[in-house]
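Raw target.pdb, PDB, C-alpha atoms and all ligand atoms:
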ATOM      1  CA  MET A 466     -41.037  45.129 -51.649
ATOM      2  CA  ILE A 467     -40.324  44.246 -48.024
ATOM      3  CA  VAL A 468     -41.075  40.690 -47.060
ATOM      4  CA  THR A 469     -40.989  39.500 -43.492
ATOM      5  CA  ALA A 470     -43.219  36.425 -43.481
ATOM      6  CA  SER A 471     -41.512  33.080 -43.786
ATOM      7  CA  LEU A 472     -41.750  30.679 -46.681
ATOM      8  CA  THR A 473     -43.513  27.368 -46.473
ATOM      9  CA  TYR A 474     -42.782  24.414 -48.711
ATOM     10  CA  ARG A 475     -45.149  21.862 -50.147
ATOM     11  CA  THR A 476     -44.631  18.902 -52.431
ATOM     12  CA  ILE A 477     -45.531  19.525 -56.060
ATOM     13  CA  ASP A 478     -48.722  17.863 -57.240
ATOM     14  CA  PRO A 479     -47.882  17.087 -60.896
ATOM     15  CA  ILE A 480     -51.580  17.101 -61.828
ATOM     16  CA  ALA A 481     -53.044  20.012 -59.846
ATOM     17  CA  ASP A 482     -49.879  22.133 -60.267
ATOM     18  CA  ALA A 483     -49.234  21.116 -63.890
ATOM     19  CA  ALA A 484     -49.777  24.529 -65.508
ATOM     20  CA  LEU A 485     -47.658  26.329 -62.908
ATOM     21  CA  VAL A 486     -44.712  23.924 -62.883
ATOM     22  CA  VAL A 487     -44.629  23.668 -66.688
ATOM     23  CA  ALA A 488     -44.553  27.483 -66.949
ATOM     24  CA  ASN A 489     -41.757  27.658 -64.360
ATOM     25  CA  HIS A 490     -39.764  24.901 -66.018
ATOM     26  CA  HIS A 491     -40.151  26.485 -69.444
ATOM     27  CA  ASP A 492     -39.096  29.890 -68.100
ATOM     28  CA  ALA A 493     -36.014  28.349 -66.460
ATOM     29  CA  CYS A 494     -35.105  26.802 -69.829
ATOM     30  CA  VAL A 495     -35.371  30.181 -71.539
ATOM     31  CA  ALA A 496     -33.315  31.810 -68.753
ATOM     32  CA  SER A 497     -30.677  29.131 -69.212
ATOM     33  CA  PHE A 498     -30.364  29.042 -72.973
ATOM     34  CA  GLY A 499     -31.859  32.312 -74.184
ATOM     35  CA  SER A 500     -34.699  30.599 -76.058
ATOM     36  CA  ASP A 501     -36.910  27.547 -75.748
ATOM     37  CA  CYS A 502     -35.522  25.752 -78.794
ATOM     38  CA  SER A 503     -34.114  22.998 -76.598
ATOM     39  CA  TYR A 504     -37.292  22.695 -74.513
ATOM     40  CA  GLU A 505     -38.316  19.071 -74.164
ATOM     41  CA  GLY A 506     -42.079  19.708 -74.041
ATOM     42  CA  ALA A 507     -44.658  19.790 -71.257
ATOM     43  CA  GLY A 508     -45.796  16.176 -71.551
ATOM     44  CA  ARG A 509     -42.323  14.727 -71.296
ATOM     45  CA  TYR A 510     -41.440  16.997 -68.399
ATOM     46  CA  LEU A 511     -44.590  16.132 -66.428
ATOM     47  CA  THR A 512     -43.999  12.410 -66.881
ATOM     48  CA  TRP A 513     -40.412  12.782 -65.677
ATOM     49  CA  LEU A 514     -41.513  15.023 -62.798
ATOM     50  CA  GLY A 515     -44.182  12.541 -61.677
ATOM     51  CA  GLY A 516     -41.471   9.936 -61.153
ATOM     52  CA  LYS A 517     -39.236  12.364 -59.272
ATOM     53  CA  VAL A 518     -42.084  13.473 -56.987
ATOM     54  CA  GLU A 519     -42.798   9.854 -56.151
ATOM     55  CA  GLU A 520     -39.159   9.108 -55.383
ATOM     56  CA  PHE A 521     -38.160  12.435 -53.782
ATOM     57  CA  PRO A 522     -41.376  14.055 -52.451
ATOM     58  CA  GLU A 523     -39.608  16.417 -50.062
ATOM     59  CA  GLY A 524     -37.163  17.414 -52.786
ATOM     60  CA  CYS A 525     -39.774  18.449 -55.374
ATOM     61  CA  VAL A 526     -41.391  21.456 -53.748
ATOM     62  CA  LEU A 527     -43.047  24.798 -54.283
ATOM     63  CA  ALA A 528     -41.938  27.618 -51.975
ATOM     64  CA  MET A 529     -45.041  29.512 -50.894
ATOM     65  CA  LEU A 530     -45.549  32.936 -49.352
ATOM     66  CA  GLY A 531     -49.119  32.671 -48.185
ATOM     67  CA  ASP A 532     -51.048  31.694 -51.309
ATOM     68  CA  ALA A 533     -48.404  32.977 -53.705
ATOM     69  CA  CYS A 534     -45.864  30.678 -55.285
ATOM     70  CA  VAL A 535     -42.424  32.225 -54.868
ATOM     71  CA  GLY A 536     -40.337  29.466 -56.369
ATOM     72  CA  GLN A 537     -39.805  25.851 -57.236
ATOM     73  CA  MET A 538     -37.034  23.375 -56.445
ATOM     74  CA  GLU A 539     -36.395  19.877 -57.718
ATOM     75  CA  LEU A 540     -33.760  18.247 -55.513
ATOM     76  CA  GLU A 541     -32.705  14.655 -55.107
ATOM     77  CA  VAL A 542     -30.266  12.400 -53.303
ATOM     78  CA  PRO A 543     -30.132   9.187 -55.343
ATOM     79  CA  TRP A 544     -30.251   6.057 -53.232
ATOM     80  CA  GLY A 545     -26.840   4.974 -51.964
ATOM     81  CA  LEU A 546     -25.090   8.246 -52.835
ATOM     82  CA  ASN A 547     -23.854  10.987 -50.564
ATOM     83  CA  THR A 548     -24.063  13.610 -53.301
ATOM     84  CA  GLY A 549     -27.292  15.534 -53.758
ATOM     85  CA  TYR A 550     -28.309  16.990 -57.100
ATOM     86  CA  VAL A 551     -30.296  20.104 -58.031
ATOM     87  CA  ASN A 552     -32.459  19.466 -61.091
ATOM     88  CA  LEU A 553     -34.296  22.785 -60.974
ATOM     89  CA  TYR A 554     -33.957  25.959 -58.954
ATOM     90  CA  TYR A 555     -36.428  28.649 -59.816
ATOM     91  CA  VAL A 556     -37.708  31.923 -58.357
ATOM     92  CA  MET A 557     -40.743  33.590 -59.982
ATOM     93  CA  PRO A 558     -39.708  36.800 -61.813
ATOM     94  CA  ARG A 559     -41.589  39.196 -59.528
ATOM     95  CA  PHE A 560     -39.849  37.746 -56.454
ATOM     96  CA  ARG A 561     -36.274  37.870 -57.775
ATOM     97  CA  ARG A 562     -33.445  39.844 -56.178
ATOM     98  CA  LEU A 563     -35.264  39.912 -52.853
ATOM     99  CA  GLY A 564     -33.277  37.176 -51.150
ATOM    100  CA  PHE A 565     -35.830  34.404 -51.703
ATOM    101  CA  GLY A 566     -33.447  32.250 -53.711
ATOM    102  CA  ARG A 567     -30.940  32.425 -50.864
ATOM    103  CA  ARG A 568     -33.651  31.601 -48.329
ATOM    104  CA  MET A 569     -34.836  28.640 -50.385
ATOM    105  CA  HIS A 570     -31.286  27.341 -50.332
ATOM    106  CA  ARG A 571     -31.559  26.861 -46.566
ATOM    107  CA  TYR A 572     -34.369  24.410 -47.249
ATOM    108  CA  ALA A 573     -32.240  22.718 -49.911
ATOM    109  CA  GLU A 574     -29.276  22.322 -47.555
ATOM    110  CA  GLN A 575     -31.513  20.935 -44.819
ATOM    111  CA  TYR A 576     -33.045  18.505 -47.290
ATOM    112  CA  PHE A 577     -29.615  17.284 -48.407
ATOM    113  CA  ARG A 578     -28.423  17.029 -44.790
ATOM    114  CA  ASN A 579     -31.508  15.000 -43.850
ATOM    115  CA  TRP A 580     -30.635  12.488 -46.563
ATOM    116  CA  GLU A 581     -27.000  12.402 -45.464
ATOM    117  CA  ALA A 582     -25.573  14.079 -48.519
ATOM    118  CA  ASP A 583     -22.371  15.984 -47.846
ATOM    119  CA  ARG A 584     -21.978  17.443 -51.316
ATOM    120  CA  ILE A 585     -24.329  19.224 -53.735
ATOM    121  CA  GLU A 586     -23.891  19.250 -57.499
ATOM    122  CA  LEU A 587     -25.750  20.981 -60.306
ATOM    123  CA  HIS A 588     -25.338  22.028 -63.896
ATOM    124  CA  VAL A 589     -25.803  25.573 -65.099
ATOM    125  CA  SER A 590     -25.604  27.234 -68.480
ATOM    126  CA  PRO A 591     -22.547  29.523 -68.661
ATOM    127  CA  THR A 592     -24.730  32.063 -70.514
ATOM    128  CA  ASN A 593     -27.139  32.286 -67.561
ATOM    129  CA  GLY A 594     -25.358  35.137 -65.786
ATOM    130  CA  PRO A 595     -27.839  35.679 -62.923
ATOM    131  CA  ALA A 596     -27.820  31.974 -62.037
ATOM    132  CA  MET A 597     -24.011  31.796 -62.182
ATOM    133  CA  ASP A 598     -23.725  34.834 -59.908
ATOM    134  CA  PHE A 599     -26.371  33.383 -57.600
ATOM    135  CA  TYR A 600     -24.667  30.007 -57.197
ATOM    136  CA  LEU A 601     -21.198  31.559 -56.807
ATOM    137  CA  SER A 602     -22.594  33.827 -54.075
ATOM    138  CA  LEU A 603     -23.784  30.690 -52.244
ATOM    139  CA  GLY A 604     -20.314  29.140 -52.343
ATOM    140  CA  TYR A 605     -20.622  26.835 -55.347
ATOM    141  CA  ARG A 606     -17.497  26.442 -57.432
ATOM    142  CA  ARG A 607     -16.884  25.148 -60.909
ATOM    143  CA  VAL A 608     -15.823  21.509 -60.981
ATOM    144  CA  GLY A 609     -16.465  20.524 -64.586
ATOM    145  CA  GLY A 610     -17.342  21.675 -68.083
ATOM    146  CA  ASP A 611     -14.817  22.736 -70.640
ATOM    147  CA  ARG A 612     -14.619  26.150 -72.179
ATOM    148  CA  GLY A 613     -17.453  26.375 -74.697
ATOM    149  CA  ALA A 614     -19.474  23.639 -72.986
ATOM    150  CA  ARG A 615     -23.267  23.966 -73.083
ATOM    151  CA  LEU A 616     -23.461  23.293 -69.340
ATOM    152  CA  ILE A 617     -20.897  23.555 -66.611
ATOM    153  CA  LYS A 618     -20.901  21.624 -63.377
ATOM    154  CA  LEU A 619     -20.837  23.395 -60.018
ATOM    155  CA  ALA A 620     -20.486  21.850 -56.566
ATOM    156  CA  LYS A 621     -20.304  22.778 -52.923
ATOM    157  CA  THR A 622     -20.148  20.939 -49.639
ATOM    158  CA  VAL A 623     -23.357  20.848 -47.624
ATOM    159  CA  GLY A 624     -23.216  23.504 -44.943
ATOM    160  CA  GLY A 625     -19.834  24.654 -46.111
ATOM    161  CA  ASN A 626     -18.035  26.369 -48.883
ATOM    162  CA  ALA A 627     -16.867  25.080 -52.186
ATOM    163  CA  GLU A 628     -14.125  22.580 -52.603
TER     164      GLU A 628
HETATM  165  C1  LIG B   1     -31.046  32.426 -60.202
HETATM  166  C2  LIG B   1     -32.260  32.722 -59.312
HETATM  167  C3  LIG B   1     -32.757  31.414 -58.696
HETATM  168  C4  LIG B   1     -31.823  33.680 -58.190
HETATM  169  O1  LIG B   1     -32.924  33.857 -57.286
HETATM  170  P1  LIG B   1     -33.136  35.233 -56.466
HETATM  171  O2  LIG B   1     -34.213  35.017 -55.500
HETATM  172  O3  LIG B   1     -33.307  36.363 -57.433
HETATM  173  O4  LIG B   1     -31.724  35.383 -55.733
HETATM  174  P2  LIG B   1     -31.456  36.210 -54.368
HETATM  175  O5  LIG B   1     -32.258  37.464 -54.363
HETATM  176  O6  LIG B   1     -31.594  35.289 -53.215
HETATM  177  O7  LIG B   1     -29.914  36.601 -54.570
HETATM  178  C5  LIG B   1     -28.866  36.083 -53.765
HETATM  179  C6  LIG B   1     -27.556  36.540 -54.357
HETATM  180  O8  LIG B   1     -27.362  35.941 -55.659
HETATM  181  C7  LIG B   1     -26.724  36.891 -56.549
HETATM  182  N1  LIG B   1     -27.665  37.216 -57.618
HETATM  183  C8  LIG B   1     -28.957  36.783 -57.747
HETATM  184  N2  LIG B   1     -29.501  37.263 -58.881
HETATM  185  C9  LIG B   1     -28.547  38.015 -59.487
HETATM  186  C10 LIG B   1     -28.520  38.792 -60.685
HETATM  187  N3  LIG B   1     -29.585  38.892 -61.504
HETATM  188  N4  LIG B   1     -27.363  39.456 -60.998
HETATM  189  C11 LIG B   1     -26.286  39.380 -60.204
HETATM  190  N5  LIG B   1     -26.253  38.664 -59.018
HETATM  191  C12 LIG B   1     -27.372  37.987 -58.688
HETATM  192  C13 LIG B   1     -26.413  38.125 -55.703
HETATM  193  O9  LIG B   1     -25.117  37.942 -55.136
HETATM  194  C14 LIG B   1     -27.488  38.029 -54.626
HETATM  195  O10 LIG B   1     -27.134  38.684 -53.431
HETATM  196  P3  LIG B   1     -27.441  40.283 -53.292
HETATM  197  O11 LIG B   1     -28.871  40.490 -53.730
HETATM  198  O12 LIG B   1     -27.205  40.541 -51.846
HETATM  199  O13 LIG B   1     -26.477  40.978 -54.221
HETATM  200  C15 LIG B   1     -33.389  33.452 -60.137
HETATM  201  O14 LIG B   1     -32.838  34.531 -60.835
HETATM  202  C16 LIG B   1     -34.093  32.539 -61.127
HETATM  203  O15 LIG B   1     -34.988  31.778 -60.763
HETATM  204  N6  LIG B   1     -33.719  32.614 -62.408
HETATM  205  C17 LIG B   1     -34.415  31.859 -63.468
HETATM  206  C18 LIG B   1     -34.241  30.355 -63.334
HETATM  207  C19 LIG B   1     -32.801  29.962 -63.329
HETATM  208  O16 LIG B   1     -31.984  30.472 -64.096
HETATM  209  N7  LIG B   1     -32.473  29.029 -62.422
HETATM  210  C20 LIG B   1     -31.137  28.506 -62.275
HETATM  211  C21 LIG B   1     -30.752  27.567 -63.305
HETATM  212  S1  LIG B   1     -31.821  26.144 -63.379
END
Can you dump the structure from the file as structure tokens?
Amino acid sequence: MIVTASLTYRTIDPIADAALVVANHHDACVASFGSDCSYEGAGRYLTWLGGKVEEFPEGCVLAMLGDACVGQMELEVPWGLNTGYVNLYYVMPRFRRLGFGRRMHRYAEQYFRNWEADRIELHVSPTNGPAMDFYLSLGYRRVGGDRGARLIKLAKTVGGNAE
């Protein structure tokens, strides 16, 4: 597939987009842990997401290519902090390995810059090989999580490379 059009971003509507964002969130859980046995459930997720959308509307977005949803990001810069956090980073299966994840990261960096964050942190499952490779390719580096940990912490400076 060759894609030349640019992505647009819109804030998630937790009611109108409920089915889509729950499916994406569930799929990201399976990608992370290999099964959905640790999935928290749609209701709990939507309640949590509603609060995040209210607090960080420009951080909780769907990446759109025309009418098609390409991906979903849930980003935040908690008040008073200069470290941004990635809660969810997701590209729909049919759009993977086409550079969309990398393109979405430009939005993420701009979002963090706008809110004066100079560092980005996230947690990733060490068994999620594609996500690890993806984040390392963007310059994230491991800053926490012992060997055998369920999640490891990655970080990078905004607009720069890892520490
Ligand atoms: C991880 C994810 C966001 C990557 O999105 P993507 O759009 O496929 O990534 P891109 O096409 O922009 O890839 C950028 C670079 O990341 C690396 N990469 C991405 N996917 C990879 C894979 N499956 N295997 C190896 N490297 C990979 C490559 O270096 C790639 O550059 P290249 O294509 O020039 O080699 C996507 O696979 C995804 O949504 N996975 C499920 C959800 C998830 O695990 N999210 C992260 C944890 S919450």
Residues within 7 Å of ligand LIG 1 (chain B) should be enumerated using all atoms listed in the file and returned as a PyMOL selection string. chain A and resi 492-493+496-497+553-558+560-568+589+593-596+598-600+602
Residues selected by the PyMOL selection byres (((chain A and resi 621) around 12) and not hetatm), written as JSON, numbers by chain: {"A": [548, 549, 550, 551, 574, 577, 582, 583, 584, 585, 586, 587, 600, 601, 602, 603, 604, 605, 606, 607, 608, 618, 619, 620, 622, 623, 624, 625, 626, 627, 628]}
Export of prior selection with C-alpha atoms as a PDB file, keeping the file's coordinate frame:
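Below is the file that was written, again.pdb:
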ATOM      1  CA  THR A 548     -24.063  13.610 -53.301  1.00  0.00           C
ATOM      2  CA  GLY A 549     -27.292  15.534 -53.758  1.00  0.00           C
ATOM      3  CA  TYR A 550     -28.309  16.990 -57.100  1.00  0.00           C
ATOM      4  CA  VAL A 551     -30.296  20.104 -58.031  1.00  0.00           C
ATOM      5  CA  GLU A 574     -29.276  22.322 -47.555  1.00  0.00           C
ATOM      6  CA  PHE A 577     -29.615  17.284 -48.407  1.00  0.00           C
ATOM      7  CA  ALA A 582     -25.573  14.079 -48.519  1.00  0.00           C
ATOM      8  CA  ASP A 583     -22.371  15.984 -47.846  1.00  0.00           C
ATOM      9  CA  ARG A 584     -21.978  17.443 -51.316  1.00  0.00           C
ATOM     10  CA  ILE A 585     -24.329  19.224 -53.735  1.00  0.00           C
ATOM     11  CA  GLU A 586     -23.891  19.250 -57.499  1.00  0.00           C
ATOM     12  CA  LEU A 587     -25.750  20.981 -60.306  1.00  0.00           C
ATOM     13  CA  TYR A 600     -24.667  30.007 -57.197  1.00  0.00           C
ATOM     14  CA  LEU A 601     -21.198  31.559 -56.807  1.00  0.00           C
ATOM     15  CA  SER A 602     -22.594  33.827 -54.075  1.00  0.00           C
ATOM     16  CA  LEU A 603     -23.784  30.690 -52.244  1.00  0.00           C
ATOM     17  CA  GLY A 604     -20.314  29.140 -52.343  1.00  0.00           C
ATOM     18  CA  TYR A 605     -20.622  26.835 -55.347  1.00  0.00           C
ATOM     19  CA  ARG A 606     -17.497  26.442 -57.432  1.00  0.00           C
ATOM     20  CA  ARG A 607     -16.884  25.148 -60.909  1.00  0.00           C
ATOM     21  CA  VAL A 608     -15.823  21.509 -60.981  1.00  0.00           C
ATOM     22  CA  LYS A 618     -20.901  21.624 -63.377  1.00  0.00           C
ATOM     23  CA  LEU A 619     -20.837  23.395 -60.018  1.00  0.00           C
ATOM     24  CA  ALA A 620     -20.486  21.850 -56.566  1.00  0.00           C
ATOM     25  CA  THR A 622     -20.148  20.939 -49.639  1.00  0.00           C
ATOM     26  CA  VAL A 623     -23.357  20.848 -47.624  1.00  0.00           C
ATOM     27  CA  GLY A 624     -23.216  23.504 -44.943  1.00  0.00           C
ATOM     28  CA  GLY A 625     -19.834  24.654 -46.111  1.00  0.00           C
ATOM     29  CA  ASN A 626     -18.035  26.369 -48.883  1.00  0.00           C
ATOM     30  CA  ALA A 627     -16.867  25.080 -52.186  1.00  0.00           C
ATOM     31  CA  GLU A 628     -14.125  22.580 -52.603  1.00  0.00           C
TER      32      GLU A 628
END
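Selection result for the displayed file, with the PyMOL selection byres (((chain A and resi 541) around 9) and not hetatm) as criterion, is Lys517, Glu520, Phe521, Glu523, Gly524, Cys525, Glu539, Leu540, Val542, Pro543, Thr548, Gly549, Tyr550, Val551, Asn552, Tyr576 and Phe577 of chain A.
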Spatial neighbours of range 472-486 of chain A, 6 Å, all atoms listed in the file, chain gap at least 5 places, as a CSV table (one decimal) with C-alpha atoms, in the coordinates of the input:
chain,number,residue,atom,x,y,z
A,515,GLY,CA,-44.2,12.5,-61.7
A,522,PRO,CA,-41.4,14.1,-52.5
A,525,CYS,CA,-39.8,18.4,-55.4
A,526,VAL,CA,-41.4,21.5,-53.7
A,527,LEU,CA,-43.0,24.8,-54.3
A,528,ALA,CA,-41.9,27.6,-52.0
A,529,MET,CA,-45.0,29.5,-50.9
A,530,LEU,CA,-45.5,32.9,-49.4
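In this comparison, which uses all atoms listed in the file, the residue of A:Leu616, A:His570, A:Glu519, A:His490 approaching Ala507 in chain A most closely is A:His490.
For the atom pair formed by CA of Arg615 in chain A and CA of Ser590 in chain A, the distance is 6.1 Å, given to one decimal.
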Once 3 Å is added on each side, what are the centre and the three edge lengths, in Å to one decimal, of the axis-aligned box enclosing the listed atoms of range 600-607 of chain A? Present them as AutoDock Vina command-line options.
--center_x -20.8 --center_y 29.5 --center_z -56.6 --size_x 13.8 --size_y 14.7 --size_z 14.7
Top pick for closest residue to Leu514 in chain A, considering A:Ala533, A:Ala614, A:Val487, A:Val495 and counting all atoms listed in the file: A:Val487
So what do you get for CA of Gly506 in chain A versus CA of Cys494 in chain A, distance-wise? 10.8 Å
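From CA of Ile617 in chain A back to CA of Trp544 in chain A, the distance works out to 23.9 Å.
Candidate residues A:Arg612, A:Thr592, A:Asn579, A:Gly531 were compared for distance to Phe498 in chain A, and the nearest is A:Thr592, using all atoms listed in the file.
Residue nearest Leu546 in chain A within the list A:Trp580, A:Tyr504, A:Tyr572, A:Trp513: A:Trp580 [criterion: smallest interatomic distance, all atoms listed in the file].
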